[in-house]
Each structure stands twice: as structure tokens, then as C-alpha cells.
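Asker: Got a structure here, written out as C-alpha cells. Questions coming.
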Amino acid sequence: MIDLRALREDPERLRASQRARGEDDAVVGRLLDLDERRRSALTSFEQLRAEQKSFGKSVSRAQGDERQALLARAKELAQQVKDREAEADRLGEELDAALKGVPNLIEDGAPAGGEQDYVVLEHVGEPTAFDFEPKDHLELGESLGAIDMERGAKVAGARFYYLTGVGARLQYALLNLAMEQAVASGFVPMYPPVLVKPEAMEGTGFLGAHAAEVYQLPQDELYLVGTSEVPLAAYHMNEIIDELPRRYVAWSSCFRREAGSYGKDTRGIIRVHQFDKVEMFSYCDPADAHAEHLRLLEWEKEMLAKVEIPYRVIDVAAGDLGASAARKYDCEAWVPTQSTYREVTSTSNCTDFQARRLSVRHKDADGKNQPVATLNGTLATTRWMVAILENHQQADGSVRVPEALQKFLGLEVLEPVKR
């Protein structure tokens with residue numbers, strides 16, 4: 001959640017952030033009012049409690065009628081203390097609930113606007129051109145014996161699938177390449193739980209506006225994660241980290257309900273309910289968060305270069321950011337049969353927003369406990385197979401395997417199979 005002290009010092013910054021996101025900036029006034037009332041109630045409570053303690057000494061010295069009068073006043077004072085404490089607690093809970101509904105302050109320089117208001121930062125490589133009619137990834141996947149949507153739907157429903165044969169091998173190769181790169185760059189490899197408690201899901205900001213995207217198991221009070229960002233962010237929950245930065249990389253299955261996306265990208269494996277992902281996660285000093293964000297982006301670009309696909313980098317507009325993100329960069333791969341770029345990686349700087357909710361801290365130069373910054377970035381996902389298959393297809397229906405993947409896959413070319 002946002003820093004109350006920073007809000008008091010510069011409320012206009014949150015107002016501007018809310019407007020850039022397309023959110024109501026009147027929430028700033030409500031937060032400040034609640035904060036002032038809560039602090040006033042606390043002050044009143046503390047003053048009355050001090051009076052109560054002092055008054056107790058007078059009662060102990062009094063006798064007769066005076067003592068009876070003082071006892072009556074003491075009883076009245078005790079009730080006032082109790083009432084003011086209850087009021088302060090109630091206002092504190094109300095303020096806390098209001099704060100949890102406010103998204104992170106956007107970073108200076110993030111574009112304002114909605115989904116279509118992103119800024120293209122760079123193009124890498126030229127869109128792939130063919131001297132034949134290219135096939136889309138599903139047609140290629142079926143002819144290669146790599147993707148089986150029909151049986152996925154039969155067994156699990158719409159937007160589920162099987163990766164079969166070279167399809168499964170290609171995913172393993174891709175994610176192993178990502179893990180190899182991350183470990184070589186100093187990340188600690190992790191295999192995290194994909195079921196988490198409500199406090200982990202809420203702490204990372206996924207139970208707000210996008211709660212409908214999350215699969216829940218009410219009987220067990222657990223949630224299925226849509227990204228391993230969640231268990232990685234909660235890994236140091238309620239802890240003080242003794243050394244920064246801390247960088248982790250996790251390979252996990254991810255689950256998303258894709259609520260509200262019916263009719264979009266229903267063909268193939270672009271938008272599905274289950275997929276695998278390698279995710280980078282970093283804890284760092286908030287002063288270093290911007291630089292760390294750019295490092296994560298560079299690692300994503302390094303990985304994209306290895307699979308030899310053209311892509312562009314966009315600076316995502318404020319209105320398209322998740323609640324926790326102050327800024328986000330997406331890498332979008334060229335998809336030839338759609339003649340467009342599609343998102344394959346995201347990296348977000350969440351500043352100290354998640355750390356405040358999860359109580360992840362470090363000691364500053366003065367030895368005081370302060371929230372850390374958290375950042376995340378995709379290094380590879382199942383969706384990458386769409387761009388790999390389409391961009392590296394050949395006229396005979398085969399697909400060339402990028403050189404970096406060949407040592408993991410054991411093949412240089414994926415050949416159509418006989419049915």
C-alpha cells in the first residue's frame with residue numbers, strides 16, 4: 001500500500017497518479033480525512049489514558065465522600081478511554097481498508113492513459129517475411145504433433161490443451177534455457193508452491209480489481225497463483241532482509257480464469273487457463289528500484305535474442321498497469337499470421353507497495369527498518385511457442401529450431417508427423 005507519510009507531505013502526487021490511471025482522485029481527500037480523524041482520536045485516547053493513570057493516584061489518597069466521587073469520575077473516565085480507543089481502532093481499520101483499495105503511485109515518466117496509450121520504446125529485428133503463405137501456430141502445432149487442443153477441451157474444457165511430443169520438448173527446452181540464463185546471472189532458482197494463502201494473494205495486490213481472474217479453493221482457503229510473483233513476493237513476508245539485492249527465479253505452472261476475455265484469442269495457446277512460466281523476482285533498496293527495473297528488462301531482451309524472434313518494447317500506460325505496479329515494460333513478439341505484436345514478457349517495478357502490505361523490510365543506513373522494493377519480470381512462458389513456431393516455419397511445414405534451444409531439444413528442425 002502507499003506510504004501515508006508521503007501522502008500527507010505531497011497529496012497532489014497521488015491525485016496526479018490517480019488521474020493518469022483514469023481513477024478517481026477524490027480518494028485522496030477521503031484518505032486524508034480518515035487519517036486526520038484517526039490521529040485525532042489516537043491523541044484524545046492517549047491524553048485521556050494519561051489522565052486516567054494520574055487520576056488513579058488521587059483516588060488512592062482520598063477518603064469518604066470525596067473517594068466515592070472520585071471513584072465515580074474514574075469509572076466515567078475509564079469508559080471515555082475505552083470509547084476513544086474503540087473509535088481510533090475503527091478509524092484505523094477503515095483507513096487500512098481504504099488504503100488497500102488504492103493502487104500504487106505511478107513512476108515519473110510513465111505514460112498516462114489506457115490500454116492503447118502505450119509508448120513504443122524500440123523495435124528489435126524486422127517483421128519476418130515469407131515467400132509462401134505462413135501457417136498459424138495452431139496449424140503448425142497440429143501438423144508437428146505438438147499441440148492438441150481438441151483433447152485438452154475434452155478433458156478439461158475450453159482454453160486447455162495438451163503439449164505433445166516435440167511440443168512438450170520445446171517447452172521444456174525453452175524454460176530450461178531461461179533457467180540457465182537466470183542462474184548464470186546470479187538468480188537463486190526456486191520451485192515455489194502454486195497454492196497460496198489469502199494474505200499472500202492480497203499482499204501482492206491480486207485480490208483487488210482483478211480478483212475475478214484468480215482461481216479460488218474456498219474449502220481450503222487457498223488460491224491458485226496466476227504468476228509465481230505471488231509466492232516469491234511472500235517468501236520473505238514478515239521478515240527483515242539482511243542483504244540486498246535478493247534475486248530469485250522460479251519455474252511454475254500458472255492459472256488464470258481469463259474473466260472478461262471471452263471471444264478474445266480463443267484459437268490456440270495465446271490466452272489459456274494454464275501455462276508454465278519462468279519468472280524473475282528481485283528485492284532491492286527502493287533507491288535502486290528504477291535501475292533494477294532496467295536490468296530485468298535487459299535480461300528479458302537477452303532471452304528474446306536467443307530465440308531469434310523480432311519484437312518491440314513498450315512502456316505500458318498508467319491505466320493498463322496492475323494495482324501494484326508503478327511502471328511496466330512489455331516485450332511484444334511479432335506474430336506473422338496476425339501481422340501484429342503480442343506480449344510475451346512483462347517487467348514491473350512495484351516500488352515498496354507490496355513490501356508494505358507483506359511487511360518485508362530491510363535496515364537502512366541509520367539501522368531503521370524500512371520497506372524494500374519488489375520487482376518482477378517474465379523470462380519465458382508457454383506463449384513464446386506461438387512466436388517461435390510462426391517465425392521459424394519453413395515452406396515444407398517444418399520449423400527451424402533456434403540455435404540456443406538445440407542443445408536442450410536435441411533437434412535442429414521440427415518435422416511434420418504422419419497421422
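A note on labels: chains of the C-alpha cells are A, B, ... as shown, every chain counts residues from 1, and ligands are counted from 1 in their shown order.
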Write down as a PyMOL selection string the residues belonging to segment 119-233 of chain A that are assigned helix (DSSP H, G or I) by DSSP computed on the backbone.
Answerer: chain A and resi 137-143+149-156+166-184+198-203+211-213+229-233
Asker: Okay, now the selection with N, CA and C atoms, as a compact mmCIF listing (two decimals), in the first residue's frame?
Answerer:
# COMPACT_ATOMS: atom_id res chain seq x y z
N HIS A 137 0.22 -20.73 -35.56
CA HIS A 137 0.90 -21.63 -34.63
C HIS A 137 0.10 -22.89 -34.34
N LEU A 138 -1.23 -22.80 -34.37
CA LEU A 138 -2.04 -23.99 -34.09
C LEU A 138 -1.99 -24.98 -35.24
N GLU A 139 -2.09 -24.48 -36.46
CA GLU A 139 -1.98 -25.37 -37.62
C GLU A 139 -0.61 -26.03 -37.65
N LEU A 140 0.43 -25.25 -37.37
CA LEU A 140 1.78 -25.81 -37.31
C LEU A 140 1.88 -26.83 -36.17
N GLY A 141 1.37 -26.44 -34.99
CA GLY A 141 1.46 -27.31 -33.83
C GLY A 141 0.76 -28.65 -34.05
N GLU A 142 -0.38 -28.62 -34.73
CA GLU A 142 -1.11 -29.87 -35.01
C GLU A 142 -0.36 -30.72 -36.02
N SER A 143 0.19 -30.08 -37.05
CA SER A 143 0.91 -30.86 -38.08
C SER A 143 2.22 -31.43 -37.54
N MET A 149 -5.44 -29.30 -28.96
CA MET A 149 -6.48 -28.51 -28.30
C MET A 149 -7.75 -29.33 -28.11
N GLU A 150 -8.05 -30.18 -29.05
CA GLU A 150 -9.31 -30.93 -29.01
C GLU A 150 -9.40 -31.81 -27.77
N ARG A 151 -8.34 -32.55 -27.50
CA ARG A 151 -8.36 -33.42 -26.32
C ARG A 151 -8.22 -32.60 -25.03
N GLY A 152 -7.55 -31.46 -25.10
CA GLY A 152 -7.48 -30.58 -23.93
C GLY A 152 -8.88 -30.13 -23.52
N ALA A 153 -9.69 -29.75 -24.53
CA ALA A 153 -11.06 -29.32 -24.25
C ALA A 153 -11.91 -30.49 -23.77
N LYS A 154 -11.67 -31.68 -24.33
CA LYS A 154 -12.43 -32.86 -23.92
C LYS A 154 -12.19 -33.19 -22.45
N VAL A 155 -10.97 -33.05 -22.01
CA VAL A 155 -10.60 -33.46 -20.65
C VAL A 155 -10.82 -32.34 -19.63
N ALA A 156 -10.54 -31.09 -20.01
CA ALA A 156 -10.56 -30.00 -19.03
C ALA A 156 -11.47 -28.83 -19.39
N VAL A 166 7.06 -33.20 -29.62
CA VAL A 166 8.03 -32.11 -29.70
C VAL A 166 7.48 -30.83 -29.07
N GLY A 167 6.15 -30.73 -28.92
CA GLY A 167 5.59 -29.55 -28.25
C GLY A 167 6.00 -29.50 -26.80
N ALA A 168 5.87 -30.64 -26.11
CA ALA A 168 6.29 -30.72 -24.71
C ALA A 168 7.81 -30.51 -24.61
N ARG A 169 8.55 -31.13 -25.54
CA ARG A 169 10.00 -30.99 -25.51
C ARG A 169 10.44 -29.55 -25.77
N LEU A 170 9.72 -28.87 -26.67
CA LEU A 170 10.05 -27.47 -26.97
C LEU A 170 9.83 -26.59 -25.74
N GLN A 171 8.73 -26.83 -25.01
CA GLN A 171 8.50 -26.03 -23.81
C GLN A 171 9.59 -26.30 -22.77
N TYR A 172 9.91 -27.57 -22.54
CA TYR A 172 10.98 -27.89 -21.58
C TYR A 172 12.28 -27.21 -21.99
N ALA A 173 12.60 -27.24 -23.27
CA ALA A 173 13.83 -26.64 -23.76
C ALA A 173 13.84 -25.13 -23.52
N LEU A 174 12.73 -24.48 -23.83
CA LEU A 174 12.62 -23.04 -23.68
C LEU A 174 12.78 -22.62 -22.21
N LEU A 175 12.08 -23.32 -21.32
CA LEU A 175 12.13 -22.94 -19.92
C LEU A 175 13.47 -23.31 -19.27
N ASN A 176 14.08 -24.39 -19.74
CA ASN A 176 15.42 -24.73 -19.25
C ASN A 176 16.44 -23.68 -19.69
N LEU A 177 16.30 -23.18 -20.92
CA LEU A 177 17.19 -22.12 -21.40
C LEU A 177 17.04 -20.87 -20.52
N ALA A 178 15.81 -20.54 -20.18
CA ALA A 178 15.55 -19.38 -19.33
C ALA A 178 16.17 -19.57 -17.95
N MET A 179 15.99 -20.76 -17.36
CA MET A 179 16.56 -21.02 -16.04
C MET A 179 18.09 -20.96 -16.10
N GLU A 180 18.67 -21.50 -17.14
CA GLU A 180 20.13 -21.48 -17.29
C GLU A 180 20.64 -20.05 -17.32
N GLN A 181 19.97 -19.19 -18.09
CA GLN A 181 20.40 -17.79 -18.18
C GLN A 181 20.28 -17.09 -16.83
N ALA A 182 19.16 -17.31 -16.14
CA ALA A 182 18.93 -16.63 -14.87
C ALA A 182 19.96 -17.05 -13.82
N VAL A 183 20.23 -18.33 -13.73
CA VAL A 183 21.19 -18.82 -12.75
C VAL A 183 22.59 -18.27 -13.06
N ALA A 184 22.93 -18.23 -14.35
CA ALA A 184 24.23 -17.67 -14.75
C ALA A 184 24.33 -16.19 -14.41
N PRO A 198 -4.67 -16.52 1.55
CA PRO A 198 -5.22 -15.22 1.16
C PRO A 198 -4.28 -14.05 1.42
N GLU A 199 -3.52 -14.10 2.54
CA GLU A 199 -2.66 -12.96 2.86
C GLU A 199 -1.54 -12.79 1.83
N ALA A 200 -1.11 -13.89 1.22
CA ALA A 200 -0.09 -13.79 0.18
C ALA A 200 -0.68 -13.20 -1.10
N MET A 201 -1.87 -13.65 -1.47
CA MET A 201 -2.52 -13.14 -2.68
C MET A 201 -2.92 -11.68 -2.51
N GLU A 202 -3.48 -11.35 -1.35
CA GLU A 202 -3.89 -9.97 -1.11
C GLU A 202 -2.68 -9.06 -0.98
N GLY A 203 -1.63 -9.55 -0.32
CA GLY A 203 -0.44 -8.74 -0.11
C GLY A 203 0.25 -8.33 -1.40
N ALA A 211 -9.59 -9.53 -9.06
CA ALA A 211 -9.84 -10.74 -8.27
C ALA A 211 -10.59 -11.80 -9.08
N ALA A 212 -11.40 -11.35 -10.05
CA ALA A 212 -12.17 -12.30 -10.86
C ALA A 212 -11.28 -13.19 -11.73
N GLU A 213 -10.02 -12.80 -11.89
CA GLU A 213 -9.09 -13.59 -12.70
C GLU A 213 -8.52 -14.78 -11.92
N GLU A 229 5.18 -14.69 -9.19
CA GLU A 229 5.42 -13.44 -8.48
C GLU A 229 4.81 -13.49 -7.08
N VAL A 230 3.64 -14.15 -6.96
CA VAL A 230 2.93 -14.16 -5.68
C VAL A 230 3.73 -14.92 -4.60
N PRO A 231 4.07 -16.21 -4.80
CA PRO A 231 4.83 -16.88 -3.75
C PRO A 231 6.24 -16.32 -3.57
N LEU A 232 6.82 -15.74 -4.61
CA LEU A 232 8.15 -15.15 -4.46
C LEU A 232 8.08 -13.86 -3.64
N ALA A 233 7.05 -13.05 -3.86
CA ALA A 233 6.90 -11.82 -3.08
C ALA A 233 6.63 -12.13 -1.61
Asker: Among segment 335-388 of chain A, which residues carry a DSSP assignment of strand (DSSP E), reported as a list in words?
Answerer: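 Filtering segment 335-388 of chain A down to strand (DSSP E) leaves Val335, Thr340, Tyr341, Arg342, Glu343, Val344, Thr345, Ser346, Thr347, Ser348, Asn349, Val360, Arg361, His362, Lys363, Asn369, Gln370, Pro371, Ala373, Thr374, Leu375, Asn376, Gly377, Thr378, Leu379, Ala380 and Thr381 of chain A.
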Asker: Neighbours of Arg159 of chain A within 9 Å (only C-alpha atoms; same-chain residues fewer than 4 positions away dropped), as a PyMOL selection string?
Answerer: chain A and resi 149+152-153+266-269+271-274
Asker: Give me, as an MDAnalysis selection string, all polymer residues having an atom no more than 7 Å from segment 346-362 of chain A, counting only C-alpha atoms and skipping those fewer than 3 positions away in the same chain.
Answerer: chainID A and resid 1:2 104 203:204 234 236:242 286 289 293 296:297 324:331 369:378
Asker: Using N, CA, C and O atoms, can you write the selected residues to a file as a compact mmCIF listing (two decimals), in the first residue's frame?
Answerer:
# COMPACT_ATOMS: atom_id res chain seq x y z
N MET A 1 0.84 -1.18 0.00
CA MET A 1 0.00 0.00 0.00
C MET A 1 0.88 1.24 0.00
O MET A 1 2.08 1.17 0.24
N ILE A 2 0.27 2.37 -0.28
CA ILE A 2 1.05 3.60 -0.37
C ILE A 2 1.48 4.07 1.02
O ILE A 2 0.90 3.70 2.03
N ASN A 104 -0.86 1.61 -6.58
CA ASN A 104 0.46 2.21 -6.36
C ASN A 104 0.60 3.53 -7.10
O ASN A 104 -0.03 3.75 -8.15
N GLY A 203 -1.63 -9.55 -0.32
CA GLY A 203 -0.44 -8.74 -0.11
C GLY A 203 0.25 -8.33 -1.40
O GLY A 203 0.86 -7.26 -1.47
N THR A 204 0.15 -9.15 -2.42
CA THR A 204 0.77 -8.81 -3.70
C THR A 204 -0.16 -7.98 -4.58
O THR A 204 0.23 -7.55 -5.66
N ALA A 234 5.89 -13.22 -1.37
CA ALA A 234 5.53 -13.59 0.00
C ALA A 234 6.61 -14.43 0.68
O ALA A 234 6.49 -14.73 1.88
N HIS A 236 9.53 -13.72 1.77
CA HIS A 236 10.12 -13.03 2.92
C HIS A 236 9.07 -12.23 3.71
O HIS A 236 9.41 -11.27 4.40
N MET A 237 7.80 -12.63 3.60
CA MET A 237 6.73 -11.96 4.33
C MET A 237 7.02 -11.93 5.83
O MET A 237 7.46 -12.93 6.40
N ASN A 238 6.81 -10.76 6.44
CA ASN A 238 7.04 -10.57 7.89
C ASN A 238 8.49 -10.83 8.29
O ASN A 238 8.77 -11.31 9.39
N GLU A 239 9.42 -10.50 7.41
CA GLU A 239 10.85 -10.69 7.69
C GLU A 239 11.61 -9.40 7.45
O GLU A 239 11.16 -8.50 6.74
N ILE A 240 12.81 -9.35 8.04
CA ILE A 240 13.77 -8.28 7.75
C ILE A 240 14.91 -8.90 6.97
O ILE A 240 15.58 -9.83 7.45
N ILE A 241 15.12 -8.44 5.76
CA ILE A 241 16.17 -8.99 4.89
C ILE A 241 17.50 -8.33 5.24
O ILE A 241 17.59 -7.10 5.32
N ASP A 242 18.51 -9.15 5.44
CA ASP A 242 19.79 -8.60 5.92
C ASP A 242 20.71 -8.14 4.81
O ASP A 242 21.70 -7.45 5.07
N PRO A 286 14.72 0.57 -2.23
CA PRO A 286 13.87 1.41 -3.07
C PRO A 286 14.64 2.44 -3.90
O PRO A 286 14.21 2.77 -5.02
N ALA A 289 15.52 0.85 -7.23
CA ALA A 289 14.46 0.12 -7.93
C ALA A 289 14.40 0.47 -9.41
O ALA A 289 14.20 -0.42 -10.25
N HIS A 293 14.91 -2.24 -12.36
CA HIS A 293 13.86 -2.49 -13.37
C HIS A 293 14.46 -2.57 -14.77
O HIS A 293 14.12 -3.46 -15.56
N LEU A 296 16.21 -5.92 -15.28
CA LEU A 296 15.28 -7.02 -15.59
C LEU A 296 14.87 -6.97 -17.05
O LEU A 296 14.77 -8.01 -17.72
N LEU A 297 14.61 -5.78 -17.55
CA LEU A 297 14.26 -5.63 -18.96
C LEU A 297 15.39 -6.12 -19.87
O LEU A 297 15.15 -6.81 -20.87
N SER A 324 -0.40 -3.04 -8.27
CA SER A 324 0.88 -2.98 -7.56
C SER A 324 1.98 -2.27 -8.33
O SER A 324 2.96 -1.83 -7.74
N ALA A 325 1.84 -2.17 -9.63
CA ALA A 325 2.93 -1.68 -10.47
C ALA A 325 2.97 -0.15 -10.51
O ALA A 325 1.95 0.51 -10.70
N ALA A 326 4.18 0.39 -10.37
CA ALA A 326 4.40 1.82 -10.57
C ALA A 326 4.78 2.09 -12.02
O ALA A 326 4.55 3.18 -12.55
N ARG A 327 5.37 1.08 -12.67
CA ARG A 327 5.72 1.17 -14.08
C ARG A 327 5.91 -0.24 -14.62
O ARG A 327 6.33 -1.13 -13.88
N LYS A 328 5.62 -0.40 -15.91
CA LYS A 328 5.76 -1.72 -16.51
C LYS A 328 6.22 -1.59 -17.95
O LYS A 328 5.72 -0.75 -18.71
N TYR A 329 7.20 -2.42 -18.31
CA TYR A 329 7.63 -2.54 -19.69
C TYR A 329 7.24 -3.92 -20.22
O TYR A 329 7.47 -4.93 -19.54
N ASP A 330 6.65 -3.96 -21.40
CA ASP A 330 6.32 -5.22 -22.06
C ASP A 330 7.20 -5.40 -23.28
O ASP A 330 7.48 -4.44 -24.01
N CYS A 331 7.64 -6.64 -23.52
CA CYS A 331 8.23 -7.01 -24.79
C CYS A 331 7.17 -7.77 -25.57
O CYS A 331 6.56 -8.71 -25.05
N ASN A 369 14.28 0.06 10.38
CA ASN A 369 13.59 -0.86 9.48
C ASN A 369 12.76 -0.07 8.46
O ASN A 369 11.95 0.77 8.83
N GLN A 370 12.97 -0.37 7.18
CA GLN A 370 12.25 0.30 6.10
C GLN A 370 11.77 -0.74 5.08
O GLN A 370 12.41 -1.79 4.91
N PRO A 371 10.65 -0.47 4.40
CA PRO A 371 10.19 -1.42 3.37
C PRO A 371 11.20 -1.53 2.23
O PRO A 371 11.87 -0.56 1.88
N VAL A 372 11.30 -2.72 1.65
CA VAL A 372 12.14 -2.91 0.47
C VAL A 372 11.31 -2.56 -0.77
O VAL A 372 10.12 -2.24 -0.67
N ALA A 373 11.92 -2.63 -1.93
CA ALA A 373 11.20 -2.55 -3.21
C ALA A 373 11.15 -3.95 -3.79
O ALA A 373 12.07 -4.74 -3.61
N THR A 374 10.06 -4.27 -4.49
CA THR A 374 9.94 -5.57 -5.17
C THR A 374 9.71 -5.34 -6.65
O THR A 374 9.00 -4.42 -7.06
N LEU A 375 10.34 -6.20 -7.45
CA LEU A 375 10.21 -6.12 -8.91
C LEU A 375 10.09 -7.53 -9.48
O LEU A 375 10.59 -8.49 -8.89
N ASN A 376 9.42 -7.65 -10.61
CA ASN A 376 9.26 -8.95 -11.25
C ASN A 376 9.42 -8.84 -12.75
O ASN A 376 9.25 -7.75 -13.32
N GLY A 377 9.75 -9.95 -13.38
CA GLY A 377 9.90 -9.95 -14.83
C GLY A 377 9.83 -11.34 -15.42
O GLY A 377 10.42 -12.28 -14.89
N THR A 378 9.09 -11.48 -16.51
CA THR A 378 8.96 -12.77 -17.21
C THR A 378 10.23 -13.08 -17.98
O THR A 378 10.77 -12.21 -18.67
Asker: Which residue is closest to Lys100 of chain A? Choose from A:Ala323, A:Val124, A:Ile147, A:Ala287 and count only C-alpha atoms.
Answerer: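 Ranking A:Ala323, A:Val124, A:Ile147, A:Ala287 by distance to Lys100 of chain A, first place goes to A:Ala323.
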Asker: Given only C-alpha atoms as the basis, pick out the residue of A:Glu115, A:Ser398, A:Gly186, A:Lys368 nearest to Val417 of chain A.
Answerer: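 Of A:Glu115, A:Ser398, A:Gly186, A:Lys368, the one nearest Val417 of chain A, counting only C-alpha atoms, is A:Ser398.
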Asker: Pick the closest to Asp108 of chain A from A:Ser54, A:Ser17, A:Gln216, A:Gln79: which is it, counting only C-alpha atoms?
Answerer: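 Ranking A:Ser54, A:Ser17, A:Gln216, A:Gln79 by distance to Asp108 of chain A, first place goes to A:Ser17.
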Asker: So that I can check the surroundings of segment 246-248 of chain A, please list as number ranges by chain every protein, DNA and RNA residue that reaches within 7 Å of it, counting only C-alpha atoms and ignoring chain neighbours fewer than 5 positions away.
Answerer: A: 187-190, 280-284
Asker: Can you pull out the residues contacting Arg13 of chain A? Cut-off 12 Å, using only C-alpha atoms, and skip same-chain residues under 3 positions away; I want them as a list in words.
Answerer: Ile2, Asp3, Ala6, Leu7, Arg8, Glu9, Asp10, Ala16, Ser17, Gln18, Arg19, Ala20, Asp25, Val28, Asn104, Leu105, Ile106, Glu107 and Asp108 of chain A
Asker: How would the residues just chosen look if you wrote them out with N, CA and C atoms as a PDB file, in the first residue's frame?
Answerer:
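That gives us part17.pdb:
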ATOM      1  N   ILE A   2       0.267   2.370  -0.278  1.00  0.00           N
ATOM      2  CA  ILE A   2       1.048   3.601  -0.370  1.00  0.00           C
ATOM      3  C   ILE A   2       1.478   4.074   1.015  1.00  0.00           C
ATOM      4  N   ASP A   3       2.497   4.927   1.044  1.00  0.00           N
ATOM      5  CA  ASP A   3       3.083   5.445   2.284  1.00  0.00           C
ATOM      6  C   ASP A   3       2.255   6.638   2.766  1.00  0.00           C
ATOM      7  N   ALA A   6       4.184   9.959   3.069  1.00  0.00           N
ATOM      8  CA  ALA A   6       4.406  10.600   1.771  1.00  0.00           C
ATOM      9  C   ALA A   6       3.113  11.235   1.258  1.00  0.00           C
ATOM     10  N   LEU A   7       1.982  10.583   1.538  1.00  0.00           N
ATOM     11  CA  LEU A   7       0.695  11.136   1.128  1.00  0.00           C
ATOM     12  C   LEU A   7       0.429  12.474   1.822  1.00  0.00           C
ATOM     13  N   ARG A   8       0.711  12.543   3.129  1.00  0.00           N
ATOM     14  CA  ARG A   8       0.497  13.793   3.869  1.00  0.00           C
ATOM     15  C   ARG A   8       1.390  14.918   3.323  1.00  0.00           C
ATOM     16  N   GLU A   9       2.635  14.549   2.992  1.00  0.00           N
ATOM     17  CA  GLU A   9       3.603  15.562   2.551  1.00  0.00           C
ATOM     18  C   GLU A   9       3.316  16.062   1.139  1.00  0.00           C
ATOM     19  N   ASP A  10       2.794  15.173   0.266  1.00  0.00           N
ATOM     20  CA  ASP A  10       2.580  15.561  -1.132  1.00  0.00           C
ATOM     21  C   ASP A  10       1.332  14.868  -1.685  1.00  0.00           C
ATOM     22  N   ALA A  16      -2.373  13.147  -9.041  1.00  0.00           N
ATOM     23  CA  ALA A  16      -1.890  13.068 -10.427  1.00  0.00           C
ATOM     24  C   ALA A  16      -1.790  11.623 -10.887  1.00  0.00           C
ATOM     25  N   SER A  17      -1.331  10.741  -9.994  1.00  0.00           N
ATOM     26  CA  SER A  17      -1.219   9.322 -10.326  1.00  0.00           C
ATOM     27  C   SER A  17      -2.591   8.729 -10.610  1.00  0.00           C
ATOM     28  N   GLN A  18      -3.562   9.064  -9.779  1.00  0.00           N
ATOM     29  CA  GLN A  18      -4.919   8.555  -9.969  1.00  0.00           C
ATOM     30  C   GLN A  18      -5.492   9.029 -11.307  1.00  0.00           C
ATOM     31  N   ARG A  19      -5.274  10.287 -11.637  1.00  0.00           N
ATOM     32  CA  ARG A  19      -5.786  10.817 -12.906  1.00  0.00           C
ATOM     33  C   ARG A  19      -5.111  10.131 -14.089  1.00  0.00           C
ATOM     34  N   ALA A  20      -3.805   9.893 -13.982  1.00  0.00           N
ATOM     35  CA  ALA A  20      -3.082   9.225 -15.074  1.00  0.00           C
ATOM     36  C   ALA A  20      -3.599   7.811 -15.290  1.00  0.00           C
ATOM     37  N   ASP A  25      -9.626  10.702  -8.298  1.00  0.00           N
ATOM     38  CA  ASP A  25      -8.644  11.351  -7.421  1.00  0.00           C
ATOM     39  C   ASP A  25      -9.276  11.886  -6.137  1.00  0.00           C
ATOM     40  N   VAL A  28      -8.104  10.779  -2.508  1.00  0.00           N
ATOM     41  CA  VAL A  28      -7.043  11.430  -1.733  1.00  0.00           C
ATOM     42  C   VAL A  28      -7.639  12.204  -0.570  1.00  0.00           C
ATOM     43  N   ASN A 104      -0.858   1.607  -6.584  1.00  0.00           N
ATOM     44  CA  ASN A 104       0.458   2.208  -6.357  1.00  0.00           C
ATOM     45  C   ASN A 104       0.598   3.530  -7.100  1.00  0.00           C
ATOM     46  N   LEU A 105       1.426   4.402  -6.573  1.00  0.00           N
ATOM     47  CA  LEU A 105       1.785   5.641  -7.257  1.00  0.00           C
ATOM     48  C   LEU A 105       2.606   5.304  -8.493  1.00  0.00           C
ATOM     49  N   ILE A 106       2.222   5.840  -9.632  1.00  0.00           N
ATOM     50  CA  ILE A 106       2.988   5.562 -10.844  1.00  0.00           C
ATOM     51  C   ILE A 106       4.334   6.278 -10.785  1.00  0.00           C
ATOM     52  N   GLU A 107       5.291   5.725 -11.489  1.00  0.00           N
ATOM     53  CA  GLU A 107       6.623   6.332 -11.546  1.00  0.00           C
ATOM     54  C   GLU A 107       6.607   7.535 -12.475  1.00  0.00           C
ATOM     55  N   ASP A 108       7.368   8.558 -12.153  1.00  0.00           N
ATOM     56  CA  ASP A 108       7.506   9.710 -13.035  1.00  0.00           C
ATOM     57  C   ASP A 108       7.965   9.244 -14.413  1.00  0.00           C
TER      58      ASP A 108
END
Asker: Determine the nearest neighbour of Lys277 of chain A from the options A:Phe206, A:Tyr311, A:Trp384, A:Trp334, counting only C-alpha atoms.
Answerer: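 Nearest to Lys277 of chain A: A:Trp384.
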Asker: Pick out the closest residue to Glu308 of chain A from this set: A:Val335, A:Ala387, A:Leu34, A:Leu294. Count only C-alpha atoms.
Answerer: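 The closest residue to Glu308 of chain A is A:Ala387.
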Asker: Pick out the closest residue to Ser253 of chain A from this set: A:Val81, A:Val194, A:Ala333, A:Ala50. Count only C-alpha atoms.
Answerer: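 Checking each of A:Val81, A:Val194, A:Ala333, A:Ala50 against Ser253 of chain A, counting only C-alpha atoms, the winner is A:Val194.
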Asker: Quick one: distance from atom CA of Thr227 of chain A to atom CA of Pro192 of chain A in Å, one decimal?
Answerer: 10.4 Å
Asker: With only C-alpha atoms as the counted atoms, please give the residues lying no more than 12 Å from Lys306 of chain A, apart from itself and same-chain residues fewer than 6 positions off, as a ChimeraX atom specification.
Answerer: /A:174,177-178,181,299-300,379-380,388,401-406
Asker: Write the residues of the selection above to a file with N, CA and C atoms, as a compact mmCIF listing (two decimals), in the first residue's frame.
Answerer:
# COMPACT_ATOMS: atom_id res chain seq x y z
N LEU A 174 12.73 -24.48 -23.83
CA LEU A 174 12.62 -23.04 -23.68
C LEU A 174 12.78 -22.62 -22.21
N LEU A 177 16.30 -23.18 -20.92
CA LEU A 177 17.19 -22.12 -21.40
C LEU A 177 17.04 -20.87 -20.52
N ALA A 178 15.81 -20.54 -20.18
CA ALA A 178 15.55 -19.38 -19.33
C ALA A 178 16.17 -19.57 -17.95
N GLN A 181 19.97 -19.19 -18.09
CA GLN A 181 20.40 -17.79 -18.18
C GLN A 181 20.28 -17.09 -16.83
N TRP A 299 17.63 -8.41 -19.19
CA TRP A 299 17.67 -9.87 -19.15
C TRP A 299 16.57 -10.48 -20.03
N GLU A 300 15.40 -9.84 -20.06
CA GLU A 300 14.33 -10.32 -20.94
C GLU A 300 14.75 -10.19 -22.41
N LEU A 379 10.68 -14.33 -17.90
CA LEU A 379 11.84 -14.73 -18.70
C LEU A 379 11.47 -15.70 -19.81
N ALA A 380 10.37 -16.40 -19.67
CA ALA A 380 9.85 -17.27 -20.74
C ALA A 380 8.52 -17.84 -20.28
N ILE A 388 7.76 -18.55 -31.70
CA ILE A 388 8.85 -19.41 -32.18
C ILE A 388 8.38 -20.23 -33.37
N VAL A 401 14.67 -24.86 -35.45
CA VAL A 401 14.86 -24.65 -34.01
C VAL A 401 15.98 -23.63 -33.80
N PRO A 402 15.72 -22.54 -33.08
CA PRO A 402 16.79 -21.57 -32.80
C PRO A 402 18.01 -22.27 -32.17
N GLU A 403 19.19 -21.81 -32.54
CA GLU A 403 20.42 -22.49 -32.13
C GLU A 403 20.52 -22.65 -30.60
N ALA A 404 20.11 -21.64 -29.87
CA ALA A 404 20.24 -21.70 -28.41
C ALA A 404 19.38 -22.79 -27.79
N LEU A 405 18.31 -23.18 -28.48
CA LEU A 405 17.41 -24.22 -27.96
C LEU A 405 17.83 -25.63 -28.36
N GLN A 406 18.69 -25.72 -29.35
CA GLN A 406 19.01 -27.04 -29.92
C GLN A 406 19.66 -27.98 -28.92
